[in-house]
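A.B. asks: My questions will all concern the structure given below.
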Amino acid sequence: MSIILEVFIYLATGSFYWWWTQNLTVFALAPNLIFAAALCAAILAGPVKAVAWGFFLGLYADMLGASMFGGYALTYSLMAYAVYVLKRHFDMASPFSQLVAALVLSWACMLFYQALSLSFSSINPTGLKIFLVEPFLNALAVPVLFQVFYWFKRRTGVL
Amino acid sequence: MSREKDAANYAIVFFTAVSVLLLIFPASKLAHTARIAVSYSLYPSLHYGATYGHFVRNVPANFVSLLETDQENRALKDKVRQLELKLQNTAASTAENERLTREMRLSRALPWSGSWARIVGKTPADWYGSFFIDKGSEAGIAVNDTVLGMQDDRAGLAGRVLEVYPKFSKVLLLTNSAASAVCAIAPTGLEALVEGKGTWLLKVSYVPEEPGLSVGAELTTSPGGLLFPAGIFVGRVTKVYPRESFMNFITADVAPAVDVNTLKEVYVLRRNLPAEFSGPLQAEKK
């Protein structure tokens, strides 16, 4: 039952991100809810599940783009592992630490993905506008999404 | 704690290895299978979400447009009558044109045929790179079909179909850094390579300095390019860069014929290209 719910949350996250990017983008900008979901899952779940969530959400993000397949999967898997290490030293349950973590990890992920893209396909994937604005949108989205995921975890035991 | 740490280490090694394999061997069976498997996670949003969301979103607008449609319908009926007269004249001209083209063996171009599709998925991370349309192999879409957009009542080149799934397809935009097209520059007809930059602009390269590429020059797809039919409007030159001392060619910025930001529907032209042109991702996903 738990795995079905997790698949449901995974699909719901993807669908919600799709709906947001279809209807609520402003100047082609929107919070990266796939990244936010990967970060929230990494904070809430155990290490193995967190890395698996990062990997599969990354694959979803890879499918949405047209360049490297596997780039976001690698980036979000490593991010989930980094969060697992960070969790042992910092309290990631408070909104402020989530906000700071989202801001820092957004930039870290963008730079890592950019390095991957330049290495594997010689394409610079990140526009300046996205690089400057998206991390702040992510930082605002993560505490909200965390509460949603936390509610699911309490009610259904998933993650 | 140590057990948890071990599990975490095994997990990250496993998933990293899979990701790296996908990155290193993008055309392998593993990557192909993973793509197909993950494509199913796009179904709820891209197919069902787009279909039903469209109806829900448009309920208030539909009522107003129903009234407007009635008025338009009357006006259009008059227009249709006039156009039918014109069509009879045009049919004779077209037949003559086709006969002369065939007799003189002037062109390999065929009349365009295709279908309209709605854009149902565009991600900010790849805004100028790709988008999804709501038609797939079930509607006859194939890999490398040409995708046109309408802007100011004129069709322009938007890109080509990159991946096809049963109910939706992914379009590689011409503005993607990995996309390019062979174009002819008006009025000289000189051929040059137009490439995407990952931004809203295109770049035209390998243009000899002599013809004097000027701002405002119009670019259309060239008969020399195989991927796209000839004569499609690609864009206009907005800036010409001076020749570098060590280069034999000049480059220029091109404003694309189609603005991705305002595009809602596209027209997909059937190309029926030889099988060697299709990537490994086609059709097997049915």
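If you're wondering about the labels, chains in the structure tokens are A, B, ... by order shown, residues count from 1 in each chain, ligands from 1 in order shown.
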Within 7 Å of chain B, which residues of chain A are there when counting only C-alpha atoms? Please give them as a list of chain:residue names.

C.D. replies: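 Every residue of chain A that passes the 7 Å test is in A:Leu11, A:Ser15, A:Trp18, A:Thr21, A:Gln22, A:Ala28, A:Leu29, A:Ala30, A:Pro47, A:Val48, A:Val51, A:Phe55, A:Leu59, A:Tyr60, A:Met63, A:Leu64, A:Gly65, A:Ala66, A:Met68, A:Phe69, A:Gly70, A:Gly71, A:Ala73, A:Leu74, A:Ser77, A:Tyr81, A:Ile123.
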
A.B. asks: For stretch 93-108 of chain A, work out the shell of residues within 8 Å, counting only C-alpha atoms and skipping chain neighbours fewer than 5 positions away, then give it as a short mmCIF file (atom, residue, chain, number, x, y, z; two decimals) with all heavy atoms, in the first residue's frame.

C.D. replies:
data_model
loop_
_atom_site.label_atom_id
_atom_site.label_comp_id
_atom_site.auth_asym_id
_atom_site.auth_seq_id
_atom_site.Cartn_x
_atom_site.Cartn_y
_atom_site.Cartn_z
N PHE A 35 12.68 19.75 -8.00
CA PHE A 35 13.81 19.93 -7.07
C PHE A 35 13.30 20.03 -5.64
O PHE A 35 13.84 19.39 -4.73
CB PHE A 35 14.60 21.20 -7.45
CG PHE A 35 15.54 21.67 -6.38
CD1 PHE A 35 16.81 21.14 -6.26
CD2 PHE A 35 15.14 22.64 -5.46
CE1 PHE A 35 17.67 21.56 -5.26
CE2 PHE A 35 15.99 23.07 -4.46
CZ PHE A 35 17.26 22.53 -4.36
N ALA A 36 12.25 20.84 -5.44
CA ALA A 36 11.71 21.04 -4.09
C ALA A 36 11.22 19.71 -3.51
O ALA A 36 11.46 19.41 -2.33
CB ALA A 36 10.57 22.05 -4.14
N LEU A 39 14.14 17.57 -2.50
CA LEU A 39 14.75 18.06 -1.26
C LEU A 39 13.87 17.69 -0.05
O LEU A 39 14.39 17.22 0.98
CB LEU A 39 14.95 19.58 -1.35
CG LEU A 39 15.56 20.26 -0.12
CD1 LEU A 39 16.90 19.63 0.26
CD2 LEU A 39 15.77 21.74 -0.39
N ILE A 43 14.79 15.27 3.12
CA ILE A 43 14.75 15.67 4.53
C ILE A 43 13.91 14.68 5.34
O ILE A 43 14.29 14.29 6.45
CB ILE A 43 14.17 17.11 4.66
CG1 ILE A 43 15.11 18.11 3.99
CG2 ILE A 43 13.97 17.47 6.12
CD1 ILE A 43 14.52 19.50 3.85
N MET A 79 22.32 15.10 -4.40
CA MET A 79 21.78 16.10 -3.47
C MET A 79 21.11 15.41 -2.28
O MET A 79 21.30 15.83 -1.13
CB MET A 79 20.76 16.98 -4.18
CG MET A 79 20.18 18.05 -3.28
SD MET A 79 18.74 18.85 -3.99
CE MET A 79 17.50 17.60 -3.84
N PHE A 131 19.18 31.22 -13.30
CA PHE A 131 20.23 31.06 -12.28
C PHE A 131 20.05 32.08 -11.15
O PHE A 131 20.27 31.77 -9.99
CB PHE A 131 21.60 31.25 -12.94
CG PHE A 131 22.76 30.97 -12.02
CD1 PHE A 131 23.12 29.66 -11.72
CD2 PHE A 131 23.46 32.00 -11.42
CE1 PHE A 131 24.17 29.40 -10.86
CE2 PHE A 131 24.51 31.74 -10.55
CZ PHE A 131 24.87 30.43 -10.28
N GLU A 134 15.47 31.56 -9.92
CA GLU A 134 14.83 30.30 -9.52
C GLU A 134 15.18 29.83 -8.11
O GLU A 134 14.31 29.35 -7.38
CB GLU A 134 15.14 29.21 -10.55
CG GLU A 134 14.17 28.06 -10.45
CD GLU A 134 14.48 26.95 -11.44
OE1 GLU A 134 15.26 26.05 -11.09
OE2 GLU A 134 13.94 26.99 -12.55
N PRO A 135 16.44 29.95 -7.65
CA PRO A 135 16.75 29.50 -6.28
C PRO A 135 15.87 30.18 -5.22
O PRO A 135 15.48 29.55 -4.24
CB PRO A 135 18.21 29.87 -6.11
CG PRO A 135 18.76 29.81 -7.49
CD PRO A 135 17.67 30.32 -8.37
N PHE A 136 15.54 31.45 -5.43
CA PHE A 136 14.70 32.14 -4.45
C PHE A 136 13.27 31.59 -4.48
O PHE A 136 12.63 31.45 -3.43
CB PHE A 136 14.71 33.66 -4.72
CG PHE A 136 16.05 34.28 -4.45
CD1 PHE A 136 16.94 34.52 -5.48
CD2 PHE A 136 16.46 34.59 -3.15
CE1 PHE A 136 18.19 35.07 -5.24
CE2 PHE A 136 17.70 35.14 -2.90
CZ PHE A 136 18.58 35.37 -3.95
N ASN A 138 12.52 28.57 -5.37
CA ASN A 138 12.63 27.23 -4.76
C ASN A 138 12.64 27.35 -3.24
O ASN A 138 12.01 26.56 -2.54
CB ASN A 138 13.91 26.54 -5.21
CG ASN A 138 13.88 26.18 -6.67
OD1 ASN A 138 12.83 26.23 -7.30
ND2 ASN A 138 15.02 25.82 -7.22
N ALA A 139 13.38 28.36 -2.75
CA ALA A 139 13.49 28.54 -1.30
C ALA A 139 12.13 28.82 -0.68
O ALA A 139 11.84 28.40 0.45
CB ALA A 139 14.45 29.68 -0.99
N LEU A 140 11.27 29.52 -1.42
CA LEU A 140 9.93 29.79 -0.91
C LEU A 140 9.04 28.55 -1.00
O LEU A 140 8.17 28.33 -0.16
CB LEU A 140 9.29 30.94 -1.70
CG LEU A 140 9.95 32.32 -1.54
CD1 LEU A 140 9.32 33.31 -2.49
CD2 LEU A 140 9.82 32.81 -0.10
N VAL A 142 9.98 25.28 -0.94
CA VAL A 142 10.37 24.09 -0.17
C VAL A 142 9.66 23.99 1.19
O VAL A 142 9.10 22.92 1.50
CB VAL A 142 11.91 24.02 -0.03
CG1 VAL A 142 12.32 23.02 1.04
CG2 VAL A 142 12.52 23.60 -1.36
N PRO A 143 9.63 25.06 2.02
CA PRO A 143 8.94 24.90 3.31
C PRO A 143 7.46 24.54 3.16
O PRO A 143 6.92 23.78 3.96
CB PRO A 143 9.09 26.29 3.97
CG PRO A 143 10.27 26.89 3.32
CD PRO A 143 10.26 26.38 1.92
#

A.B. asks: Which residue, B:Ala155, B:Ala186, B:Val268, B:Leu193, has the smallest gap to B:Val207 when you use only C-alpha atoms?

C.D. replies: B:Leu193

A.B. asks: Can you work out the spacing between atom CA of A:Ile3 and atom CA of A:Asn32 in Å, to one decimal?

C.D. replies: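 Spanning atom CA of A:Ile3 to atom CA of A:Asn32 is a straight-line distance of 24.2 Å.
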
A.B. asks: Can you measure atom CA of B:Glu209 to atom CA of B:Arg243 for me? One decimal in Å is fine.

C.D. replies: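 For atom CA of B:Glu209 relative to atom CA of B:Arg243, the distance reads 7.4 Å.
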
A.B. asks: For each of B:Trp116, B:Ser245, B:Ala92, B:Leu174, take the minimum atom-to-atom distance to B:Gly196, counting only C-alpha atoms, then give the residue where this is smallest.

C.D. replies: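 The answer is B:Leu174, which sits nearest to B:Gly196.
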